[in-house]
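Notes follow once the structure below has been shown.
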Amino acid sequence: MPYDSTAPAAAPPLGVGMVGYAFMGQAHSQGWRTVGRVFDLPLSPALAAVCGRDPAAVRAAAGRLGWAAAETDWRALIARPDVQLVDICTPGDSHAEIAVAALEAGKHVLCEKPLANTVEEAEAMVAAARAARARGQVAMVGFNYRRTPALALARRMVADGRLGELRHIRVSYLQDWLVDPAFPLAWRLRKETAGSGALGDLGAHAVDLAQHLAGSHLAGVSAQTETFVRERPLRQEEPDGERGQVTVDDAAVFTGRLDSGALASFEVTRVAAGRKNALRVELNGTLGSLAFDLERLNELQFHDHTQAADEAGFRRILVTEHDHPYLEGWWPPGHGLGYEHTFTHQARDLVRAIADGTQPEPSFDDGLQVQCVLAAVEESAARDCVYTAVPSRAPR
């Protein structure tokens with residue numbers, strides 16, 4: 001075929017460097033590999049390098065996940081001239097150090113949730129992000145469930161007034177991978193690396209979704225947390241061997257009041273037998289209700305309370321139409337998407353924001369606000385459920 005001089009020029013490359021290559025690193029890699037093949041983008045993501053501490057393992061991960069190079073020092077990854085965006089997929093204890101260094105080096109940053117392990121760390125990250133913003137850089141925190149098309153549609157319907165005045169929102173996020181007391185003392189069970197347990201791991205998602213869908217912040221909370229298995233084996237291959245103390249929660253339940261006046265309730269746990277990744281959200285307003293279940297993630301349940309009672313009730317919206325959020329690049333109507341597509345959508349939104357020079361959402365300010373809620377939950381639980389105000393530190 002002869003060269004077509006009228007063909008559009010290829011989009012300029014956007015070099016991505018990723019720190020961490022386990023579960024979240026694999027999910028983010030899938031998003032980066034896929035996004036340019038699904039959506040028309042102003043920049044073309046290039047998987048420049050992935051970083052991990054084990055030389056052989058990170059080289060293997062680079063080959064398996066599609067990265068062009070491997071590094072064993074995240075500082076070296078940040079210094080690479082072919083990396084313009086640093087994607088952080090490490091445990092929470094390293095988020096602040098890596099993110100601040102990357103921003104100060106002139107890189108854009110995507111950081112997995114929760115933003116940090118403490119409010120103080122999150123504040124330092126926000127300060128670095130605000131300074132970088134003045135230089136034209138962007139920073140985003142990875143709350144990927146916002147990018148589920150059904151939840152994006154729910155947000156649009158709430159913003160359009162389809163539910164009227166919001167009165168209730170309830171979120172439950174249930175898993176069962178810690179039911180077995182012989183499960184070893186992994187990093188997610190140590191406060192120094194994870195910050196908190198189910199609260200930070202699952203509760204961060206629950207809080208972000210509640211606030212995002214409602215368009216309102218939590219003003220205060222009343223909470224209980226519990227650690228049901230307080231000691232676990234240090235090594236998986238020695239379940240009866242030396243044990244160590246679990247220093248985070250297994251579960252948290254809390255109620256809250258949004259600054260809009262709506263009431264909210266939350267339950268998050270990693271010890272709910274039979275529940276693998278059960279995220280459920282419901283919103284009730286004066287004009288209607290919405291309900292979402294991650295195990296049926298292409299569906300949204302909607303009740304229009306303005307209809308006559310003899311015809312009213314929840315109806316299923318199959319969120320697969322091309323005019324639904326994110327669906328313009330995918331399959332014909334009726335062909336559902338999955339969990340991994342949320343990371344492709346996340347990459348799309350971030351790349352477009354970088355090219356447009358706009359602030360992507362959720363921002364580091366949003367991540368700090370969620371961190372303030374998590375801290376208030378821990379404080380309330382430590383004080384036997386005393387209602388605890390959430391400080392307003394991040395502007396919407």
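Each chain in the structure tokens gets a letter, A, B, ..., in the order shown, and its residues are numbered from 1; ligands are numbered from 1 in order too.
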
> DSSP on the backbone: what in region 333-396 of chain A comes out helix (DSSP H, G or I), as number ranges by chain?
Replying inline: A: 341-356, 364-382

>> Could you list, as a list in words, every residue within 8 Å of Glu295 (chain A), counting only C-alpha atoms and ignoring same-chain residues fewer than 3 positions away?
In response: Asn277, Ala278 and Leu279 of chain A

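Closest approach to Val35 (chain A) from the set A:Gln346, A:Asn298, A:Gln369, A:Ser392 is made by A:Gln346, with distances taken over only C-alpha atoms.
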
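Taking only C-alpha atoms into account, Gln175 (chain A) lies nearest to A:Asp250 out of the set A:Asp250, A:Glu112, A:Glu71, A:Glu226.
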
> Among region 213-374 of chain A, which ones does DSSP place in strand (DSSP E or B), written as a ChimeraX atom specification?
Replying inline: /A:218-226,231-233,243-245,251-258,263-269,278-285,288-293,299-304,315-318,363

>> With only C-alpha atoms as the counted atoms, please give the residues lying no more than 7 Å from Gln245 (chain A), apart from itself and same-chain residues fewer than 5 positions off, as a ChimeraX atom specification.
In response: /A:230-232

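The closest residue to Cys111 (chain A), picked from A:Gly203, A:Pro42, A:Gly285, A:Gly25 and counting only C-alpha atoms, is A:Gly25.
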
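You can rank A:His108, A:His212, A:Arg59, A:His341 by their closest distance to Gly17 (chain A) using only C-alpha atoms, and at the top of that list sits A:His108.
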
> Do you know which residues are at most 12 Å from Cys372 (chain A) counting only C-alpha atoms, after dropping those on the same chain fewer than 5 positions away, and could you put them as a ChimeraX atom specification?
Replying inline: /A:114-123,200,204,207-208,217-221,365-367,377-379,388-394

> Which residues, written as a ChimeraX atom specification, have at least one atom at most 7 Å from Gln224 (chain A), with only C-alpha atoms counted and residues fewer than 3 positions away on the same chain left out?
Replying inline: /A:252-254,381,385

For the residues in the current selection, export C-alpha atoms as a tab-separated table (two decimals), in the first residue's frame.
```
chain	number	residue	atom	x	y	z
A	252	ALA	CA	-14.84	-2.10	60.18
A	253	VAL	CA	-18.42	-0.88	60.42
A	254	PHE	CA	-19.29	2.79	60.60
A	381	ALA	CA	-13.36	3.20	66.99
A	385	CYS	CA	-17.87	4.76	68.64
```

>> With only C-alpha atoms as the counted atoms, please give the residues lying no more than 6 Å from Lys107 (chain A), apart from itself and same-chain residues fewer than 4 positions off, as a list in words.
In response: Gln84, Leu85, Ala102 and Leu103 of chain A

Those residues with N, CA, C and O atoms, as a compact mmCIF listing (two decimals), in the first residue's frame please?
```
# COMPACT_ATOMS: atom_id res chain seq x y z
N GLN A 84 7.88 9.83 31.51
CA GLN A 84 7.23 11.11 31.83
C GLN A 84 6.15 10.96 32.89
O GLN A 84 5.74 11.93 33.51
N LEU A 85 5.67 9.73 33.11
CA LEU A 85 4.62 9.44 34.08
C LEU A 85 5.05 8.28 34.96
O LEU A 85 5.47 7.23 34.44
N ALA A 102 9.01 11.81 42.53
CA ALA A 102 8.65 11.85 41.11
C ALA A 102 8.12 13.22 40.71
O ALA A 102 8.48 13.76 39.65
N LEU A 103 7.28 13.79 41.55
CA LEU A 103 6.74 15.12 41.24
C LEU A 103 7.84 16.17 41.22
O LEU A 103 7.88 17.03 40.34
```

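Atom pair CA of Arg275 (chain A) / CA of Pro362 (chain A) has a distance of 27.6 Å (rounded to one decimal).
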
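Proximity of A:Arg135, A:Arg53, A:Arg162, A:Arg348 to Glu361 (chain A), computed with only C-alpha atoms, is greatest for A:Arg348.
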
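Take the candidates A:Glu267, A:Glu165, A:Asp201, A:Asp249 and check each one against Gly92 (chain A) using only C-alpha atoms; the shortest distance goes to A:Asp201.
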
For Gly241 (chain A): contacts at 12 Å, only C-alpha atoms, fewer than 2 positions along chain excluded, given as a PDB file with C-alpha atoms, in the first residue's frame:
```pdb
ATOM      1  CA  ALA A 182      -3.479 -20.153  59.018  1.00  0.00           C
ATOM      2  CA  PRO A 184       0.311 -16.001  56.838  1.00  0.00           C
ATOM      3  CA  LEU A 185       1.243 -12.571  58.178  1.00  0.00           C
ATOM      4  CA  GLU A 231      -1.738 -13.734  65.470  1.00  0.00           C
ATOM      5  CA  ARG A 232      -0.806 -15.466  62.234  1.00  0.00           C
ATOM      6  CA  PRO A 233       2.033 -17.680  60.961  1.00  0.00           C
ATOM      7  CA  LEU A 234       5.081 -15.793  59.730  1.00  0.00           C
ATOM      8  CA  ARG A 235       5.560 -18.228  56.835  1.00  0.00           C
ATOM      9  CA  GLN A 236       2.923 -19.872  54.672  1.00  0.00           C
ATOM     10  CA  GLU A 237       4.910 -23.100  54.455  1.00  0.00           C
ATOM     11  CA  GLU A 238       5.013 -23.359  58.274  1.00  0.00           C
ATOM     12  CA  PRO A 239       1.413 -22.855  59.480  1.00  0.00           C
ATOM     13  CA  ARG A 243       3.660 -16.515  64.700  1.00  0.00           C
ATOM     14  CA  GLY A 244       3.466 -12.733  64.595  1.00  0.00           C
TER      15      GLY A 244
END
```
